[in-house]
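Presented below is the structure to which this report refers.
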Amino acid sequence: MEHAAAGAVLDGRVLSGEFLPYVDALRLRTVIGLRKAQGDLLVSWSKVAYTWRWDDPSANADALRFQVAVDGGMPDRVAHPESTWQPRWVHWPGNNGEIMARHGEGPVWAVATAVLPDGRSVAVTGGDDGAVRVWDLAAGTPVGPPLTGHDSVRAMATAVLPDGRVVAVSGGRDGMVRVWDLASRTLVGEPMNHGDWVTAVATAVLPDGRVVAVTGGGASMMRVWDLPAGTPAGHPPTSPANIWALATAVLSDGRTVTVDGGGGRGVVRVWDVGAGTPVGDPLTDLDDWVTELACAVLPDGRTVTVAGGFGGKVRLWDVAAGTPVGESQRGHQGAVEGVATAVLPDGRPVAVTGGRDGKVRVWDLAAGTAVGLPLNGHIDAVKAVATAVLPDGRSVAVTGGEDGTVGVWDLAAETTVGEPPRDTPAFVWAVASVVLADGRTIVVTGGDDGKVRMWNLADGMPVGEPLSGHKGTVEAVATAVLPDGRPVAVSGGVDGTVRVWDLAARRPVGLPMAARYPVRAVATAVLADGRVVAVTNYGEAWVRVWDLVTGAPVGENLVGHNGVVTAAATTALPDGRVVAVTGAGFHDGSVRVWDLAAGTPVGEPLIDHDPWHWAVMAVATAVLPDGRVVAVTGNALDPYMTGKAEETVRVWDLAAGTQVGQPLSAGKGTVWAVATAVLPDGRTVAVTGGGEAVRLWDLETGRPPSHPLPVNGAVRGIDVVMGPDGLRVLLVGSGTACVELSVNEPEADTRGRQARRPD
């Protein structure tokens, strides 16, 4: 590759779709750097290169094929004889940036940038694995081995010491603050003890020339440290609340100040770092918990602070005047979890925010408006943001994600590559399928625009106009066929209503059914007496059964869960009873089985973990080849309560009320979606989607019969249907997609039969 690059022939002639799955990703990235790839195929490769596995070229081919489809190219240009996932149609937002690498195991909590003495622009990242890593931003490659010492790095900043050394300051869950010389890769002095979790770090230069770090975190403490000496400095203020956000700035009168969110809900405080005294009154116009802070200077000379809130709002304040600048903006769906500022080449000061929704947004600080569309790339929450200027003059943002990856974004490009089709939701939450009377298989989806849409399975084209009625996001969708033969969709929305839609006539069936709480779970079933019913959550923790023809409740509410009901599925037990299987969220985490005809629970709740910290986010049912009826659940471990993010898939024998085998580890994050299917060779499989990838599981052996498929964006809904040429997997989340599933039959073991998972 190096010779081809030197000869200016490193293009599609050398790096073909047949060869790229076998390439050494790190060597190729070293050659082409970040965002210097030429040719559409190589550009697509650069977006998924961080997923490359040297020992699995078929997985590489599938990842590249899906990305080519996202980018609007021809997936068939990428070939491998052992591919599993073949895109049929993809309406998915493209990556506006580039995921540079995986930091390690667990989320990336902290990001900072610096320029080394040799002129290289680098990013410094810290994560849940306790390591501090340095990355060359031009090449997209690591600089030396990781720096270790923390148990979990939660905050990061950089500075230049008076002697010219460029250092990184890291704070950890262990309560320690460490200073690293980035050139020599050594620890500067001894670790400094903050006294509790360190969740925020900023650096500054005081008027007397001292270089200091300000740390904040648990126990409502803020501390100031003299970095060269490694000793306390200044007069840290006390705080009535924990400090999750912290920034520093220099005012026009020369004072060095800190801005922190330790004043309580919606309160931002400003302090003179050297004197330890407040500057003006607290800033109190956000009306939300402050999660992130950064500072910038506007063209008119005003120093402003950019605050991000738990509810997704972004707000600017004039630090010296203590007054708001413009109106607060709704920046993200969910908390703002990273903020940084930069100046674009045209002189515009901007803020870059990352959110719980996995998006990166750019804001023009002078105009108070968003710049371009949200930037897509991370497949889970963006936890940290920093900015830098590369040697070629490009202004970039560097982000760390809960998915464990580090992303880089060209801020001046303002790209809108992969913009979703016109008049589609920004996010799709649910999917189901049904066959119409004319034989067409229709895909039904619910999105955050409150509409229910229909798509043709064959080509992914919309069928008719969207069905409108919900006010707010449609989070759950199921399908059924009424006794008179009409195929219908049943949708549940955050407006607390359940609605039934005649898909052929494209109109509502009856009046909406009121569920008194956002509807997050919907499933359908046919009872022994022929009634077609829907099973939904009712209120917060109850389950209700609805007659889809009359719209009336069937029996009493099913009471037993102690938390929000988040998932539902239906099936028939071996004795013929039609049952619903429901799962609950955090603080319950149980799976319950209900006899729908009798309106009573079946057996005891199914629990195999600490219900307080676990949630059941998805449920599907299946019948194993030996006749056992099982439920497959997707589970999540609360990262805020435990400091960990973990996905598991569990299989439950519904008749016996026991778990089948051990939990299946599905990576880091949340399993948001589960569907089941029977392969042509008779194997029963589950397809799961979550924070990292779409995965396939053999429900008898408990082993994945195929490699996972990385997908740019969280997958919130999955359905598996029989298409004209085999099984097709429907994926929804950041967009909609359909991939054909093709899995080779397993090799027999030495005893002439397939290995089975012990129960």
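In the structure tokens, each chain is lettered A, B, ... as it comes, each chain's residues begin at 1, and ligands are numbered from 1 in order of appearance.
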Contacts of region 282-292 of chain A within 6 Å, only C-alpha atoms, excl. fewer than 2 positions in-chain, as a VMD selection string: chain A and resid 244 to 245 261 265 to 269 307 to 310 338 to 339
Residue contacts of Val297 (chain A) (10 Å, only C-alpha atoms) excluding same-chain residues fewer than 2 positions away, as a list of chain:residue names: A:Ala249, A:Val250, A:Leu251, A:Ser252, A:Cys295, A:Pro299, A:Asp300, A:Gly301, A:Arg302, A:Thr303, A:Val304, A:Thr305, A:Asp318, A:Thr341, A:Ala342, A:Val343, A:Pro349, A:Val350, A:Leu365, A:Ala366
Residues within 8 Å of Ala580 (chain A), only C-alpha atoms, excluding chain neighbours under 5 positions, as an MDAnalysis selection string: chainID A and resid 535 568:571 593:596
Residue contacts of Met454 (chain A) (10 Å, only C-alpha atoms) excluding same-chain residues fewer than 4 positions away, as an MDAnalysis selection string: chainID A and resid 431:433 442:446 460:467 489 503 506
Would you write out those residues with N, CA and C atoms, as a PDB file, in the first residue's frame?
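Saved the output as result.pdb:
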ATOM      1  N   VAL A 431     -41.219  -1.065  14.158  1.00  0.00           N
ATOM      2  CA  VAL A 431     -41.471  -1.636  12.842  1.00  0.00           C
ATOM      3  C   VAL A 431     -42.243  -2.937  12.998  1.00  0.00           C
ATOM      4  N   ALA A 432     -43.139  -3.205  12.048  1.00  0.00           N
ATOM      5  CA  ALA A 432     -43.853  -4.474  11.965  1.00  0.00           C
ATOM      6  C   ALA A 432     -44.216  -4.680  10.501  1.00  0.00           C
ATOM      7  N   SER A 433     -44.646  -5.880  10.140  1.00  0.00           N
ATOM      8  CA  SER A 433     -44.974  -6.173   8.749  1.00  0.00           C
ATOM      9  C   SER A 433     -46.296  -6.921   8.672  1.00  0.00           C
ATOM     10  N   ILE A 442     -46.151  -5.475   3.397  1.00  0.00           N
ATOM     11  CA  ILE A 442     -46.010  -4.062   3.718  1.00  0.00           C
ATOM     12  C   ILE A 442     -45.278  -3.920   5.047  1.00  0.00           C
ATOM     13  N   VAL A 443     -44.346  -3.002   5.095  1.00  0.00           N
ATOM     14  CA  VAL A 443     -43.618  -2.659   6.313  1.00  0.00           C
ATOM     15  C   VAL A 443     -44.293  -1.434   6.924  1.00  0.00           C
ATOM     16  N   VAL A 444     -44.605  -1.503   8.210  1.00  0.00           N
ATOM     17  CA  VAL A 444     -45.255  -0.402   8.920  1.00  0.00           C
ATOM     18  C   VAL A 444     -44.284   0.130   9.970  1.00  0.00           C
ATOM     19  N   THR A 445     -44.073   1.443   9.987  1.00  0.00           N
ATOM     20  CA  THR A 445     -43.140   2.047  10.942  1.00  0.00           C
ATOM     21  C   THR A 445     -43.794   3.207  11.676  1.00  0.00           C
ATOM     22  N   GLY A 446     -43.285   3.476  12.886  1.00  0.00           N
ATOM     23  CA  GLY A 446     -43.702   4.628  13.676  1.00  0.00           C
ATOM     24  C   GLY A 446     -42.505   5.478  14.011  1.00  0.00           C
ATOM     25  N   GLY A 460     -38.673  -0.913  -0.790  1.00  0.00           N
ATOM     26  CA  GLY A 460     -38.494   0.125   0.208  1.00  0.00           C
ATOM     27  C   GLY A 460     -39.136   1.447  -0.138  1.00  0.00           C
ATOM     28  N   MET A 461     -40.021   1.471  -1.133  1.00  0.00           N
ATOM     29  CA  MET A 461     -40.671   2.719  -1.518  1.00  0.00           C
ATOM     30  C   MET A 461     -41.897   2.960  -0.642  1.00  0.00           C
ATOM     31  N   PRO A 462     -42.212   4.234  -0.340  1.00  0.00           N
ATOM     32  CA  PRO A 462     -43.392   4.532   0.487  1.00  0.00           C
ATOM     33  C   PRO A 462     -44.675   4.089  -0.210  1.00  0.00           C
ATOM     34  N   VAL A 463     -45.626   3.663   0.594  1.00  0.00           N
ATOM     35  CA  VAL A 463     -46.940   3.278   0.086  1.00  0.00           C
ATOM     36  C   VAL A 463     -47.952   4.308   0.606  1.00  0.00           C
ATOM     37  N   GLY A 464     -48.435   5.174  -0.246  1.00  0.00           N
ATOM     38  CA  GLY A 464     -49.418   6.172   0.148  1.00  0.00           C
ATOM     39  C   GLY A 464     -48.845   7.227   1.076  1.00  0.00           C
ATOM     40  N   GLU A 465     -49.726   8.071   1.572  1.00  0.00           N
ATOM     41  CA  GLU A 465     -49.353   9.140   2.488  1.00  0.00           C
ATOM     42  C   GLU A 465     -49.279   8.617   3.921  1.00  0.00           C
ATOM     43  N   PRO A 466     -48.460   9.257   4.777  1.00  0.00           N
ATOM     44  CA  PRO A 466     -48.394   8.825   6.187  1.00  0.00           C
ATOM     45  C   PRO A 466     -49.749   8.952   6.868  1.00  0.00           C
ATOM     46  N   LEU A 467     -49.974   8.115   7.872  1.00  0.00           N
ATOM     47  CA  LEU A 467     -51.200   8.134   8.661  1.00  0.00           C
ATOM     48  C   LEU A 467     -50.964   9.017   9.881  1.00  0.00           C
ATOM     49  N   ALA A 489     -52.821  -2.043  11.398  1.00  0.00           N
ATOM     50  CA  ALA A 489     -51.669  -1.712  12.237  1.00  0.00           C
ATOM     51  C   ALA A 489     -52.191  -1.148  13.550  1.00  0.00           C
ATOM     52  N   LEU A 503     -55.115  -0.723   6.923  1.00  0.00           N
ATOM     53  CA  LEU A 503     -53.997  -0.426   6.035  1.00  0.00           C
ATOM     54  C   LEU A 503     -54.402  -0.391   4.571  1.00  0.00           C
ATOM     55  N   ARG A 506     -56.580   2.841   4.491  1.00  0.00           N
ATOM     56  CA  ARG A 506     -55.757   3.946   4.953  1.00  0.00           C
ATOM     57  C   ARG A 506     -56.570   4.935   5.792  1.00  0.00           C
TER      58      ARG A 506
END
Counting only C-alpha atoms, the option among A:Val257, A:Leu316, A:Met221, A:Val721 closest to Gly195 (chain A):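 When distances to Gly195 (chain A) are compared using only C-alpha atoms, the smallest one comes from A:Met221.
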Spatial neighbours of Pro117 (chain A), max dist 8 Å, only C-alpha atoms, sep filter under 3 positions, as JSON, numbers by chain: {"A": [120, 165, 166, 183]}
Residue with smallest distance to Asp653 (chain A) - pool A:Gly713, A:Gly354, A:Pro574, A:Gly450, counting only C-alpha atoms: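 So, comparing all the options, the nearest one is A:Pro574.
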Selection near Ala229 (chain A), 10 Å with only C-alpha atoms, sequence-local residues under 2 positions removed, as an MDAnalysis selection string: chainID A and resid 188:190 210:212 225:227 231:233
Restricted to N, CA and C atoms, what would the selected residues look like written as a short mmCIF file (atom, residue, chain, number, x, y, z; two decimals), in the first residue's frame?
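again_2.cif, written as the output of this step:
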data_model
loop_
_atom_site.label_atom_id
_atom_site.label_comp_id
_atom_site.auth_asym_id
_atom_site.auth_seq_id
_atom_site.Cartn_x
_atom_site.Cartn_y
_atom_site.Cartn_z
N VAL A 188 3.65 13.46 35.37
CA VAL A 188 4.29 14.66 35.92
C VAL A 188 3.95 14.72 37.40
N GLY A 189 4.92 14.49 38.26
CA GLY A 189 4.68 14.53 39.70
C GLY A 189 3.81 13.38 40.17
N GLU A 190 3.31 13.51 41.39
CA GLU A 190 2.46 12.49 41.98
C GLU A 190 0.99 12.82 41.72
N ARG A 210 0.77 31.59 36.66
CA ARG A 210 0.65 30.20 37.08
C ARG A 210 -0.34 29.44 36.19
N VAL A 211 0.03 28.22 35.85
CA VAL A 211 -0.84 27.33 35.08
C VAL A 211 -1.55 26.43 36.07
N VAL A 212 -2.88 26.47 36.07
CA VAL A 212 -3.64 25.72 37.06
C VAL A 212 -4.66 24.82 36.37
N TRP A 225 -5.54 23.46 41.32
CA TRP A 225 -4.22 22.84 41.47
C TRP A 225 -3.17 23.60 40.66
N ASP A 226 -2.02 23.84 41.27
CA ASP A 226 -0.86 24.38 40.55
C ASP A 226 -0.22 23.20 39.82
N LEU A 227 -0.28 23.22 38.47
CA LEU A 227 0.13 22.03 37.73
C LEU A 227 1.63 21.74 37.80
N THR A 231 0.43 21.00 43.60
CA THR A 231 -0.08 21.35 44.92
C THR A 231 -1.36 22.18 44.79
N PRO A 232 -2.18 22.23 45.85
CA PRO A 232 -3.38 23.07 45.80
C PRO A 232 -3.02 24.54 45.58
N ALA A 233 -3.92 25.26 44.88
CA ALA A 233 -3.68 26.68 44.61
C ALA A 233 -5.02 27.42 44.67
#
Residues of region 319-425 of chain A at most 10 Å from region 139-142 of chain A: nearest atom pair and distance in Å, only C-alpha atoms, as JSON lines:
{"residue": "A:Val406", "atom": "CA", "partner": "A:Gly140", "partner_atom": "CA", "distance": 9.9}
{"residue": "A:Gly407", "atom": "CA", "partner": "A:Gly140", "partner_atom": "CA", "distance": 9.7}
{"residue": "A:Val408", "atom": "CA", "partner": "A:Gly140", "partner_atom": "CA", "distance": 8.9}
Filtered DSSP result for region 470-680 of chain A, state strand (DSSP E), as a VMD selection string: chain A and resid 474 to 481 487 to 493 497 to 502 507 to 508 513 to 514 522 to 526 532 to 538 542 to 547 565 to 572 578 to 584 591 to 595 600 to 601 614 to 623 629 to 637 647 to 653 658 to 659 664 to 665 671 to 678
Point-to-point distance in Å for CA of Ala458 (chain A) and CA of Gly17 (chain A):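 Here the two named atoms are 25.5 Å from each other.
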Under the rule of at most 10 Å, produce a per-residue listing of region 84-194 of chain A near region 654-674 of chain A: chain, number, name, the closest pair of atoms, and the distance in Å, as a Markdown table, using only C-alpha atoms.
| residue | atom | partner | partner_atom | distance |
| --- | --- | --- | --- | --- |
| A:Glu105 | CA | A:Lys668 | CA | 8.3 |
| A:Gly106 | CA | A:Lys668 | CA | 6.6 |
| A:Pro107 | CA | A:Lys668 | CA | 8.3 |
Same residues, N, CA and C atoms, saved as a short mmCIF file (atom, residue, chain, number, x, y, z; two decimals), in the first residue's frame:
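Wrote it out as selection.cif, contents follow:
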data_model
loop_
_atom_site.label_atom_id
_atom_site.label_comp_id
_atom_site.auth_asym_id
_atom_site.auth_seq_id
_atom_site.Cartn_x
_atom_site.Cartn_y
_atom_site.Cartn_z
N GLU A 105 -12.58 -0.80 25.84
CA GLU A 105 -13.82 -1.33 26.39
C GLU A 105 -14.58 -0.24 27.15
N GLY A 106 -15.86 -0.14 26.91
CA GLY A 106 -16.69 0.80 27.64
C GLY A 106 -16.74 2.17 27.00
N PRO A 107 -17.56 3.07 27.56
CA PRO A 107 -17.74 4.41 26.99
C PRO A 107 -16.48 5.26 27.05
#
